[in-house]
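In what follows, a structure is listed as structure tokens, so that the remarks can point back to it.
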Amino acid sequence: MEGVDFALLNTVTRPEVFEFEGISMVHYFTDNWEKVQNFQARPDDILVATYPKAGTTWVSYILDLLYFGNIADERQASMPIFMRVPFLESIFPGLPSGVDLVDNLPTTPRLIKTHLPVQLVPKSFWEQNCKVVYVARNAKDNAVSYFHFERMNKGQPEPGDWNNFLQNFMEGKKVFGPWYDHVCGYWEKKQTYSNLHYMFFEDMVEDSRCEVERLCSFLGLSTPLEERERITECTHFDKMKENKMTNYSTVPTMDFKISPFMRKGKVGDWKNHFTVAQNEQFDEHYKQRMQNTSLQFRTEI
Ligand code: PPS
């Protein structure tokens, strides 16, 4: 992989969590802060924003194929998704920073990933009226996926055991802050910023064909039906799990023996993790945290 120093990337160690700009963060997402905040977006940039583990990679790959699927070069075969859709605020040893990757993207539009909560997104995205695709996932499955990701990824803080993780998740102490504020923040933004397309992971699992069509309509693309069908197939969980360019198997900080990046891709896996007591406590807390929003999630389909 061009621009990647695997020996250095292998030196990544589990970071400590600290309070930063009002949310929990680790230094891999704050060390480049000035450049991130001063990032100059272009009007045709497309921002894929999510809370971690909500379906970022899935939607990033759909967008990549919609825009660049027909380019007959080595890109699809040799450039992993995290290089094609750079993670703006990231700065890991051995990898170019997200900002540098975006600045060196050879293609237009630039597809850019962020996990920043809405209030920390660099201002230029709003000033340039960029299109923003936000993907949200129900809190219970999102928490389970995040827990397994922290277990397998040295670039993440120690998750503790499941109960410990869940308490921290509810208290908003996970990296990128409280899930509740993240999903509600973008939902509020959508009310005044019309270039924001709000999607749900559950809708994608239920009917990804329809979600691809909605994405095209938001993006103003007239992608033919056969091409949309092909993209829907290529981005199926099983295909993406097999595909080295989308399954993160090239990233040495991740230990797939502990848990693969493409783990289950399901709605409702939380039922295999939450005890009855945890579920009751979570539901009660959720009601309070989400009482002032019209945003609704499905925890099963
Ligand atoms: S990250 O690290 O924040 O960018 O992770 P992210 O891509 O947002 O989320 C990873 C979870 O999304 C699932 N996934 C999919 N599910 C269904 N279909 C497809 N095509 C797909 N691609 C990714 C992935 O398996 C993770 O969820 P879990 O529940 O852990 O399996």
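So you can find residues: chains in the structure tokens are A, B, ... in the order shown, residues in each start at 1, and ligands are numbered from 1 in order.
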Give me, as a PDB file with N, CA, C and O atoms, in the first residue's frame, the set of residues whose atoms come within 6 Å of any atom of ligand 1, counting only C-alpha atoms and all ligand atoms.
ATOM      1  N   PRO A  52     -19.024   6.132  15.277  1.00  0.00           N
ATOM      2  CA  PRO A  52     -18.289   4.926  14.904  1.00  0.00           C
ATOM      3  C   PRO A  52     -19.176   3.671  14.924  1.00  0.00           C
ATOM      4  O   PRO A  52     -19.992   3.507  15.829  1.00  0.00           O
ATOM      5  N   LYS A  53     -19.001   2.848  13.921  1.00  0.00           N
ATOM      6  CA  LYS A  53     -19.658   1.539  13.769  1.00  0.00           C
ATOM      7  C   LYS A  53     -21.120   1.603  13.323  1.00  0.00           C
ATOM      8  O   LYS A  53     -21.891   0.658  13.545  1.00  0.00           O
ATOM      9  N   ALA A  54     -21.492   2.698  12.679  1.00  0.00           N
ATOM     10  CA  ALA A  54     -22.882   2.845  12.245  1.00  0.00           C
ATOM     11  C   ALA A  54     -23.107   2.445  10.789  1.00  0.00           C
ATOM     12  O   ALA A  54     -24.242   2.476  10.309  1.00  0.00           O
ATOM     13  N   GLY A  55     -22.031   2.071  10.070  1.00  0.00           N
ATOM     14  CA  GLY A  55     -22.202   1.708   8.664  1.00  0.00           C
ATOM     15  C   GLY A  55     -21.398   2.600   7.729  1.00  0.00           C
ATOM     16  O   GLY A  55     -21.682   2.670   6.524  1.00  0.00           O
ATOM     17  N   THR A  56     -20.379   3.227   8.259  1.00  0.00           N
ATOM     18  CA  THR A  56     -19.524   4.150   7.497  1.00  0.00           C
ATOM     19  C   THR A  56     -18.921   3.488   6.251  1.00  0.00           C
ATOM     20  O   THR A  56     -18.987   4.037   5.144  1.00  0.00           O
ATOM     21  N   THR A  57     -18.322   2.335   6.460  1.00  0.00           N
ATOM     22  CA  THR A  57     -17.595   1.666   5.382  1.00  0.00           C
ATOM     23  C   THR A  57     -18.554   1.239   4.272  1.00  0.00           C
ATOM     24  O   THR A  57     -18.247   1.350   3.085  1.00  0.00           O
ATOM     25  N   TRP A  58     -19.690   0.760   4.669  1.00  0.00           N
ATOM     26  CA  TRP A  58     -20.712   0.314   3.721  1.00  0.00           C
ATOM     27  C   TRP A  58     -21.130   1.472   2.802  1.00  0.00           C
ATOM     28  O   TRP A  58     -21.060   1.373   1.572  1.00  0.00           O
ATOM     29  N   SER A 145     -21.338  -3.416  18.356  1.00  0.00           N
ATOM     30  CA  SER A 145     -20.330  -3.377  17.294  1.00  0.00           C
ATOM     31  C   SER A 145     -19.087  -2.611  17.766  1.00  0.00           C
ATOM     32  O   SER A 145     -17.945  -3.017  17.514  1.00  0.00           O
ATOM     33  N   THR A 235     -21.794  -4.478  -2.776  1.00  0.00           N
ATOM     34  CA  THR A 235     -21.668  -3.939  -1.424  1.00  0.00           C
ATOM     35  C   THR A 235     -22.435  -4.788  -0.402  1.00  0.00           C
ATOM     36  O   THR A 235     -22.623  -4.368   0.740  1.00  0.00           O
ATOM     37  N   HIS A 236     -22.856  -5.973  -0.829  1.00  0.00           N
ATOM     38  CA  HIS A 236     -23.483  -6.906   0.109  1.00  0.00           C
ATOM     39  C   HIS A 236     -22.435  -7.291   1.159  1.00  0.00           C
ATOM     40  O   HIS A 236     -21.234  -7.363   0.866  1.00  0.00           O
ATOM     41  N   PHE A 237     -22.885  -7.556   2.378  1.00  0.00           N
ATOM     42  CA  PHE A 237     -21.982  -7.893   3.491  1.00  0.00           C
ATOM     43  C   PHE A 237     -20.985  -8.999   3.095  1.00  0.00           C
ATOM     44  O   PHE A 237     -19.772  -8.858   3.315  1.00  0.00           O
ATOM     45  N   MET A 240     -18.339  -7.723   0.662  1.00  0.00           N
ATOM     46  CA  MET A 240     -17.401  -6.777   1.290  1.00  0.00           C
ATOM     47  C   MET A 240     -16.493  -7.483   2.294  1.00  0.00           C
ATOM     48  O   MET A 240     -15.351  -7.103   2.485  1.00  0.00           O
ATOM     49  N   MET A 262     -15.537  -6.865   9.525  1.00  0.00           N
ATOM     50  CA  MET A 262     -16.856  -7.194   8.998  1.00  0.00           C
ATOM     51  C   MET A 262     -17.356  -8.361   9.866  1.00  0.00           C
ATOM     52  O   MET A 262     -17.090  -9.520   9.557  1.00  0.00           O
ATOM     53  N   ARG A 263     -18.022  -8.045  10.935  1.00  0.00           N
ATOM     54  CA  ARG A 263     -18.307  -9.020  11.995  1.00  0.00           C
ATOM     55  C   ARG A 263     -19.582  -9.797  11.696  1.00  0.00           C
ATOM     56  O   ARG A 263     -19.539 -10.978  11.382  1.00  0.00           O
ATOM     57  N   LYS A 264     -20.748  -9.126  11.796  1.00  0.00           N
ATOM     58  CA  LYS A 264     -22.022  -9.806  11.506  1.00  0.00           C
ATOM     59  C   LYS A 264     -22.892  -9.009  10.542  1.00  0.00           C
ATOM     60  O   LYS A 264     -23.636  -9.583   9.767  1.00  0.00           O
ATOM     61  N   GLY A 265     -22.857  -7.691  10.672  1.00  0.00           N
ATOM     62  CA  GLY A 265     -23.641  -6.845   9.762  1.00  0.00           C
ATOM     63  C   GLY A 265     -25.141  -7.019   9.909  1.00  0.00           C
ATOM     64  O   GLY A 265     -25.879  -6.957   8.934  1.00  0.00           O
ATOM     65  N   LYS A 266     -25.603  -7.251  11.133  1.00  0.00           N
ATOM     66  CA  LYS A 266     -27.021  -7.568  11.339  1.00  0.00           C
ATOM     67  C   LYS A 266     -27.729  -6.515  12.206  1.00  0.00           C
ATOM     68  O   LYS A 266     -27.087  -5.754  12.921  1.00  0.00           O
TER      69      LYS A 266
END
Exercise for the section: Using DSSP on the backbone coordinates, identify all residues within stretch 114-216 of chain A classified as helix (DSSP H, G or I); present the result as JSON, numbers by chain. Expected result: {"A": [118, 119, 120, 123, 124, 125, 126, 127, 139, 140, 141, 142, 143, 144, 145, 146, 147, 148, 149, 150, 151, 152, 162, 163, 164, 165, 166, 167, 168, 169, 170, 179, 180, 181, 182, 183, 184, 185, 186, 187, 188, 189, 190, 191, 192, 201, 202, 203, 204, 205, 206, 208, 209, 210, 211, 212, 213, 214, 215, 216]}
Handout entry: Neighbour list for stretch 22-31 of chain A as a PyMOL selection string, cut-off 10 Å, only C-alpha atoms, skip fewer than 3 positions in-chain
Key = chain A and resi 12+14-19+34-36+87-93+97-98+115-117+120+155-157+172-178
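Counting only C-alpha atoms, A:Glu2 has the following residues at most 12 Å away, ignoring those fewer than 3 positions along the same chain: Asp5, Phe6, Arg75, Ser78, Met79, Pro80, Met83, Gly94, Leu95, Pro96 and Leu101 of chain A.
Using only C-alpha atoms, the residues found no farther than 12 Å from A:Glu127, other than those of its own chain fewer than 2 positions away, are A:Phe39, A:Gln40, A:Ala41, A:Arg42, A:Pro43, A:Asp44, A:Asp45, A:Val121, A:Pro122, A:Lys123, A:Ser124, A:Phe125, A:Asn129, A:Cys130, A:Lys131, A:Tyr193, A:Asn195.
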Save the residues we just selected, C-alpha atoms, as an mmCIF file, in the first residue's frame?
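Written out: result.cif:
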data_model
loop_
_atom_site.group_PDB
_atom_site.id
_atom_site.type_symbol
_atom_site.label_atom_id
_atom_site.label_comp_id
_atom_site.auth_asym_id
_atom_site.auth_seq_id
_atom_site.Cartn_x
_atom_site.Cartn_y
_atom_site.Cartn_z
ATOM 1 C CA PHE A 39 -9.594 22.236 6.516
ATOM 2 C CA GLN A 40 -10.735 23.903 3.299
ATOM 3 C CA ALA A 41 -13.680 21.999 1.874
ATOM 4 C CA ARG A 42 -14.649 22.374 -1.782
ATOM 5 C CA PRO A 43 -18.284 22.804 -2.793
ATOM 6 C CA ASP A 44 -18.370 19.365 -4.441
ATOM 7 C CA ASP A 45 -16.823 17.493 -1.487
ATOM 8 C CA VAL A 121 -17.197 19.481 11.843
ATOM 9 C CA PRO A 122 -14.838 21.999 10.175
ATOM 10 C CA LYS A 123 -16.810 25.135 9.306
ATOM 11 C CA SER A 124 -15.814 25.162 5.661
ATOM 12 C CA PHE A 125 -18.097 22.164 4.947
ATOM 13 C CA ASN A 129 -22.747 23.970 1.343
ATOM 14 C CA CYS A 130 -21.211 20.503 0.883
ATOM 15 C CA LYS A 131 -23.403 17.451 0.644
ATOM 16 C CA TYR A 193 -29.342 22.423 6.386
ATOM 17 C CA ASN A 195 -27.861 19.280 1.911
#
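Secondary structure by DSSP on the backbone puts the following residues of stretch 106-206 of chain A in strand (DSSP E or B): Leu111, Ile112, Lys113, Thr114, Lys131, Val132, Val133, Tyr134, Val135, Ala136, Asn153, Leu196, His197, Tyr198, Met199 and Phe200 of chain A.
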Selection above as a file: N, CA, C and O atoms, as a CSV table (one decimal), in the first residue's frame:
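File part.csv, as written:
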chain,number,residue,atom,x,y,z
A,111,LEU,N,-14.5,12.2,-1.5
A,111,LEU,CA,-15.4,11.5,-0.5
A,111,LEU,C,-14.6,11.5,0.8
A,111,LEU,O,-13.5,11.0,0.8
A,112,ILE,N,-15.2,12.0,1.8
A,112,ILE,CA,-14.4,12.3,3.1
A,112,ILE,C,-15.2,11.7,4.3
A,112,ILE,O,-16.4,11.9,4.4
A,113,LYS,N,-14.5,10.9,5.1
A,113,LYS,CA,-15.2,10.3,6.3
A,113,LYS,C,-14.9,11.1,7.5
A,113,LYS,O,-13.8,11.5,7.7
A,114,THR,N,-15.9,11.2,8.4
A,114,THR,CA,-15.6,11.8,9.7
A,114,THR,C,-16.5,11.2,10.7
A,114,THR,O,-17.6,10.7,10.4
A,131,LYS,N,-22.4,18.5,0.4
A,131,LYS,CA,-23.4,17.5,0.6
A,131,LYS,C,-22.9,16.6,1.8
A,131,LYS,O,-21.7,16.3,1.8
A,132,VAL,N,-23.7,16.3,2.7
A,132,VAL,CA,-23.4,15.5,3.9
A,132,VAL,C,-24.3,14.3,3.9
A,132,VAL,O,-25.5,14.4,3.9
A,133,VAL,N,-23.7,13.1,4.0
A,133,VAL,CA,-24.5,11.8,4.2
A,133,VAL,C,-24.2,11.3,5.6
A,133,VAL,O,-23.1,11.0,5.9
A,134,TYR,N,-25.3,11.3,6.4
A,134,TYR,CA,-25.1,10.9,7.8
A,134,TYR,C,-25.8,9.5,7.9
A,134,TYR,O,-26.9,9.3,7.4
A,135,VAL,N,-25.0,8.6,8.5
A,135,VAL,CA,-25.6,7.2,8.7
A,135,VAL,C,-25.7,7.0,10.2
A,135,VAL,O,-24.8,7.2,11.0
A,136,ALA,N,-26.9,6.6,10.6
A,136,ALA,CA,-27.2,6.3,12.1
A,136,ALA,C,-27.6,4.9,12.2
A,136,ALA,O,-28.2,4.3,11.4
A,153,ASN,N,-9.0,-3.8,18.1
A,153,ASN,CA,-8.2,-2.8,17.5
A,153,ASN,C,-7.3,-2.1,18.5
A,153,ASN,O,-7.8,-1.3,19.3
A,196,LEU,N,-28.2,17.7,3.8
A,196,LEU,CA,-27.8,16.6,4.6
A,196,LEU,C,-28.8,15.5,4.4
A,196,LEU,O,-30.0,15.7,4.5
A,197,HIS,N,-28.3,14.3,4.0
A,197,HIS,CA,-29.1,13.1,3.8
A,197,HIS,C,-28.9,12.2,5.0
A,197,HIS,O,-27.8,11.7,5.3
A,198,TYR,N,-30.0,12.0,5.8
A,198,TYR,CA,-29.9,11.2,7.0
A,198,TYR,C,-30.4,9.8,6.7
A,198,TYR,O,-31.5,9.5,6.3
A,199,MET,N,-29.5,8.8,6.9
A,199,MET,CA,-29.8,7.4,6.6
A,199,MET,C,-29.8,6.5,7.8
A,199,MET,O,-29.0,6.9,8.8
A,200,PHE,N,-30.4,5.4,7.8
A,200,PHE,CA,-30.4,4.4,8.9
A,200,PHE,C,-29.8,3.1,8.4
A,200,PHE,O,-30.2,2.6,7.4
